[in-house]
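Asker: Below you will find the structure I want to go over with you.
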Number of protein chains: 2
Amino acid sequence: MRGNGSVSIAEQVLAGNRYALSRVLTLIENDAQEGREALKVLFPHTGRSHLIGVTGAPGTGKSSLVNRMAYYYRHPPEGEPKRVAIVAVDPSSPFTGGAILGDRIRMRDLSGDRGVFIRSMASRGALGGLARTTAGVVQALDAAGFDVIFIETVGAGQAEVDIARLAHTTLVVEAPGLGDDVQAIKAGILEIADVLVVNKADRPGATATVRALTEMLKLAHPSQETIMHHGRRMTLSTGVAKKGDGPLWVPPVVQTVAIDNQGIDELAAAIARHRAFLEETGEWQVRDRVRLQSELENMLREALMQRWRDGMADETYRRVLEDVFARRLAPADAVGVLLNGA
Amino acid sequence: MRGNGSVSIAEQVLAGNRYALSRVLTLIENDAQEGREALKVLFPHTGRSHLIGVTGAPGTGKSSLVNRMAYYYRHPPEGEPKRVAIVAVDPSSPFTGGAILGDRIRMRDLSGDRGVFIRSMASRGALGGLARTTAGVVQALDAAGFDVIFIETVGAGQAEVDIARLAHTTLVVEAPGLGDDVQAIKAGILEIADVLVVNKADRPGATATVRALTEMLKLAHPSQETIMHHGRRMTLSTGVAKKGDGPLWVPPVVQTVAIDNQGIDELAAAIARHRAFLEETGEWQVRDRVRLQSELENMLREALMQRWRDGMADETYRRVLEDVFARRLAPADAVGVLLNGA
């Protein structure tokens, strides 16, 4: 059963009403029943946006970069302008302060442009909750007809990586001279990078950063080495290489200076090549399915836990917890007691 | 039912056998049945270690700091040396490279000291998996009799914050001049800081960083303001202030230069004051219970999902997934179908 109000608000979103969209996103963020109902109506209209995840350590200038990219898509050198949404996710913050600051900086270039929609999200509860509400927010923006949706995360931890993974194309942003143990983090997030961006490339050390990333790419993508051995290696800036029977994506390293608007066109070109690669290889559909399955399983996990909680007597649960607190019952045994009554 | 082998290995751990401990930690990391059985035997012997979480952005020198702290506890200016374990967790990396590098640096000062045990953990699977195995590893080290267990994370994202929260005392490490959007991250992790450390305090900008943190602390702990109004505010370095009927902890800001061994004694003193605060107020027990309940609920969530998967026909699940992929069925409706057969 659907409430009339939510059908109506979802229909307003589909008709292009920005206020209705804002309101739906808030309902989704608050995990309100009305938001869940609206998502059911919006869902059949999803699947058309190009989702671009943007992740990387603090200090790399991700927000400025996304800002410039959005402006570029709104004022392309050729072709039609794209409608752009930006979802800025800060899983490490219960506040929206940082994200609000980012919005304010963005306003200078993008304010008043109705083809741009910016939404900041902070963590309001459990980690799984943020991943779920981000997925819902992206679905609503997709249904609302945005051609490109940037999903930008503040940090570079596992939660941020998981959120960036929601995307078709993941940009990993680095900057020169961010400290000595940045290397350790890079190894992990290189794995998920479709395009590597060295922002602030006018800073000292940019060449060394590009070289280090290129070296690490060889470790993370050993097939690249194979290609070199066969004398068919494409330049890194080309992005697509052939290997075996299908094309293989080698993440290009793109240098930008976002605040000076440098390298933005090259980055847009790399993103366009990656999109073409996804479509040609069927990988677009694969990523779509992986994302939807992961969303579904997160919702299942929460629903199962909720159902179990509803069926468990508070008194029984409290007694088992007391036994655990007193170290009389190991957590693994407690799970057995709670699930099997054994 | 317990396998004889695992009882035996758990007993060897309790008897102080380091090789058995290493082996048990590997079994726990691999989520092996033998590891789970060993944990059941070890669990009644836990609850005595002081768990110290260490988190902060890359480049702040967390590893060096933990290294120095471990050395300090092994060679205290007065009193008995403490047995120290270090668990270095890198949730953003599927590799152990960074952590291994960290270990090698540590070896110079700590190698050959049997009162120190260092374990690196990288993400091997799901996020929830790492939190669960970290909890298990910490329990095994606790049972093995380490007085202090450092739980150090590489990044500063939500996963890292969740892991640091496992601790009794959480250190948040900052360093001067790490970039312009570091501020945004700080707001979130300040919330969980029991002690703030400005490492690399010999760098330019250290005073500004300390001042910024002190200002942000006032926002994060508004009660501090109240105390000021009543003219009873303690200095930040004292760490404990009185408010209402009970003492209130105001996170001190401690400056260190880990590589030069500066400020390590002040940091140890701040940690000791926090421990005394936890014990006096009963907060030690509260944190212990919150941690155990959270561990138990993570295990429950996974067990419920596993049980559901075991009872679901692959064919049914595949059909529902296809409906979702084709946008015929919204994920929320799919959950209903899968759980209620509706």
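Identifiers for the structure tokens are assigned positionally: chains receive A, B, ... in sequence, residues are indexed from 1 per chain, and ligands are indexed from 1 in the order shown.
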Which neighbours of Trp284 (chain B) fall inside 10 Å, counting only C-alpha atoms, when residues of the same chain fewer than 3 positions from it are skipped, and could you give them as a ChimeraX atom specification?

Answerer: /B:50,167-169,274-281,287-289

Asker: Write out as an mmCIF file with C-alpha atoms, in the first residue's frame each polymer residue whose atoms come within 12 Å of Arg114 (chain B), counting only C-alpha atoms; drop sequence neighbours fewer than 4 positions from it.

Answerer:
```
data_model
loop_
_atom_site.group_PDB
_atom_site.id
_atom_site.type_symbol
_atom_site.label_atom_id
_atom_site.label_comp_id
_atom_site.auth_asym_id
_atom_site.auth_seq_id
_atom_site.Cartn_x
_atom_site.Cartn_y
_atom_site.Cartn_z
ATOM 1 C CA GLY B 16 52.306 -17.550 27.813
ATOM 2 C CA ASN B 17 53.343 -19.384 24.636
ATOM 3 C CA ARG B 18 53.999 -16.740 21.946
ATOM 4 C CA TYR B 19 53.952 -19.199 19.066
ATOM 5 C CA ARG B 74 58.528 -1.245 28.677
ATOM 6 C CA PRO B 81 57.295 -2.483 33.056
ATOM 7 C CA LYS B 82 53.986 -3.220 31.373
ATOM 8 C CA ARG B 83 53.454 -5.951 28.788
ATOM 9 C CA VAL B 84 52.390 -4.257 25.550
ATOM 10 C CA ALA B 85 50.609 -5.524 22.446
ATOM 11 C CA LEU B 110 61.329 -3.313 20.260
ATOM 12 C CA ILE B 118 52.964 -6.720 17.350
ATOM 13 C CA PHE B 146 49.069 -7.944 27.954
#
```

Asker: Tell me which protein, DNA and RNA residues are within 9 Å of Thr46 (chain A), counting only C-alpha atoms, leaving out same-chain ones fewer than 3 positions away, and put them as a list in words.

Answerer: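 Skipping anything fewer than 3 positions along the chain leaves Leu42, Phe43, Ser49, Gln139, Ala140, Leu141, Asp142, Ala143, Ala144 and Gly145 of chain A; Arg327 of chain B.
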
Asker: How many Å lie between CA of Glu80 (chain A) and CA of Gly61 (chain A), rounded to one decimal?

Answerer: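 CA of Gly61 (chain A) lies at a distance of 27.4 Å from CA of Glu80 (chain A).
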
Asker: Under the rule that only C-alpha atoms are counted, which of B:Ile271, B:Ala303, B:Leu321, B:Val41 is the nearest residue to Val335 (chain A)?

Answerer: B:Ala303

Asker: Can you work out the spacing between CA of Ala330 (chain B) and CA of Glu29 (chain A) in Å, to one decimal?

Answerer: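 Computing the Euclidean distance for CA of Ala330 (chain B) and CA of Glu29 (chain A) yields 17.5 Å.
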
Asker: Excluding same-chain residues fewer than 4 positions from Val197 (chain A), what lies within 8 Å of it counting only C-alpha atoms, as a ChimeraX atom specification?

Answerer: /A:171-174,253-256,267

Asker: Write out the residues from the selection above, keeping N, CA and C atoms, as a compact mmCIF listing (two decimals), in the first residue's frame.

Answerer:
```
# COMPACT_ATOMS: atom_id res chain seq x y z
N LEU A 171 36.99 7.75 -9.28
CA LEU A 171 38.20 8.56 -9.33
C LEU A 171 38.88 8.49 -7.97
N VAL A 172 40.16 8.21 -7.95
CA VAL A 172 40.93 8.30 -6.71
C VAL A 172 41.84 9.51 -6.86
N VAL A 173 41.70 10.44 -5.93
CA VAL A 173 42.43 11.71 -6.01
C VAL A 173 43.60 11.70 -5.03
N GLU A 174 44.76 12.06 -5.54
CA GLU A 174 45.95 12.19 -4.71
C GLU A 174 46.46 13.61 -4.86
N VAL A 253 46.57 8.07 -15.35
CA VAL A 253 46.93 9.04 -14.30
C VAL A 253 46.80 10.43 -14.92
N VAL A 254 45.87 11.22 -14.40
CA VAL A 254 45.60 12.55 -14.96
C VAL A 254 46.03 13.61 -13.95
N GLN A 255 46.79 14.60 -14.42
CA GLN A 255 47.21 15.68 -13.53
C GLN A 255 46.28 16.88 -13.66
N THR A 256 45.88 17.42 -12.53
CA THR A 256 44.99 18.59 -12.53
C THR A 256 45.46 19.63 -11.52
N LEU A 267 40.62 15.27 -17.74
CA LEU A 267 39.92 14.38 -16.82
C LEU A 267 38.55 14.00 -17.40
```

Asker: Within 9 Å of Lys40 (chain B), counting only C-alpha atoms, which residues show up once you throw out same-chain ones fewer than 3 positions away? Write them as a CSV table (one decimal) with N, CA and C atoms, in the first residue's frame, please.

Answerer:
```csv
chain,number,residue,atom,x,y,z
A,329,LEU,N,29.9,-16.2,29.6
A,329,LEU,CA,29.4,-16.7,28.4
A,329,LEU,C,30.1,-16.0,27.2
A,330,ALA,N,30.8,-16.8,26.4
A,330,ALA,CA,31.5,-16.1,25.3
A,330,ALA,C,30.5,-15.6,24.2
A,331,PRO,N,30.8,-14.5,23.5
A,331,PRO,CA,29.9,-14.0,22.6
A,331,PRO,C,29.4,-15.0,21.5
A,332,ALA,N,30.3,-15.9,21.1
A,332,ALA,CA,29.9,-16.9,20.1
A,332,ALA,C,28.9,-17.8,20.7
A,333,ASP,N,29.1,-18.2,22.0
A,333,ASP,CA,28.1,-19.1,22.6
A,333,ASP,C,26.8,-18.3,22.8
B,10,ALA,N,44.6,-22.9,23.1
B,10,ALA,CA,44.1,-21.8,24.0
B,10,ALA,C,44.8,-21.9,25.3
B,35,GLY,N,39.7,-21.3,15.6
B,35,GLY,CA,39.9,-20.0,16.3
B,35,GLY,C,38.7,-19.6,17.1
B,36,ARG,N,37.5,-19.9,16.6
B,36,ARG,CA,36.3,-19.6,17.3
B,36,ARG,C,36.2,-20.4,18.6
B,37,GLU,N,36.6,-21.6,18.5
B,37,GLU,CA,36.6,-22.5,19.7
B,37,GLU,C,37.7,-22.0,20.7
B,43,PHE,N,37.9,-16.4,26.4
B,43,PHE,CA,37.1,-15.3,26.8
B,43,PHE,C,37.0,-15.0,28.3
B,44,PRO,N,36.8,-16.1,29.1
B,44,PRO,CA,36.7,-15.8,30.6
B,44,PRO,C,37.9,-15.1,31.2
```

Asker: Give the answer as one residue: which of B:Gly59, B:Gly112, B:Gly336, B:Gly177 has the shortest atom-to-atom distance to chain A, using only C-alpha atoms?

Answerer: B:Gly59

Asker: When distances are computed from only C-alpha atoms, which of B:Ala201, B:Gly79, B:Leu196, B:Gln293 shows the smallest separation from Val320 (chain A)?

Answerer: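 Checking each candidate against Val320 (chain A), we get B:Gln293 as the closest.
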
Asker: Rank nothing, just name the residue among A:Val257, A:Ala206, A:Val324, A:Val195 nearest to Ala270 (chain A), using only C-alpha atoms.

Answerer: A:Val195

Asker: My list of candidates is A:Ala175, A:Val137, A:Ile259, A:Ile52. Which is closest to chain B when distances are computed with only C-alpha atoms?

Answerer: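 Result for the nearest residue to chain B: A:Ala175.
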
Asker: How many Å separate CA of Gly282 (chain B) from CA of Pro247 (chain B)?

Answerer: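 Atom-to-atom, CA of Gly282 (chain B) and CA of Pro247 (chain B) are spaced 11.1 Å apart.
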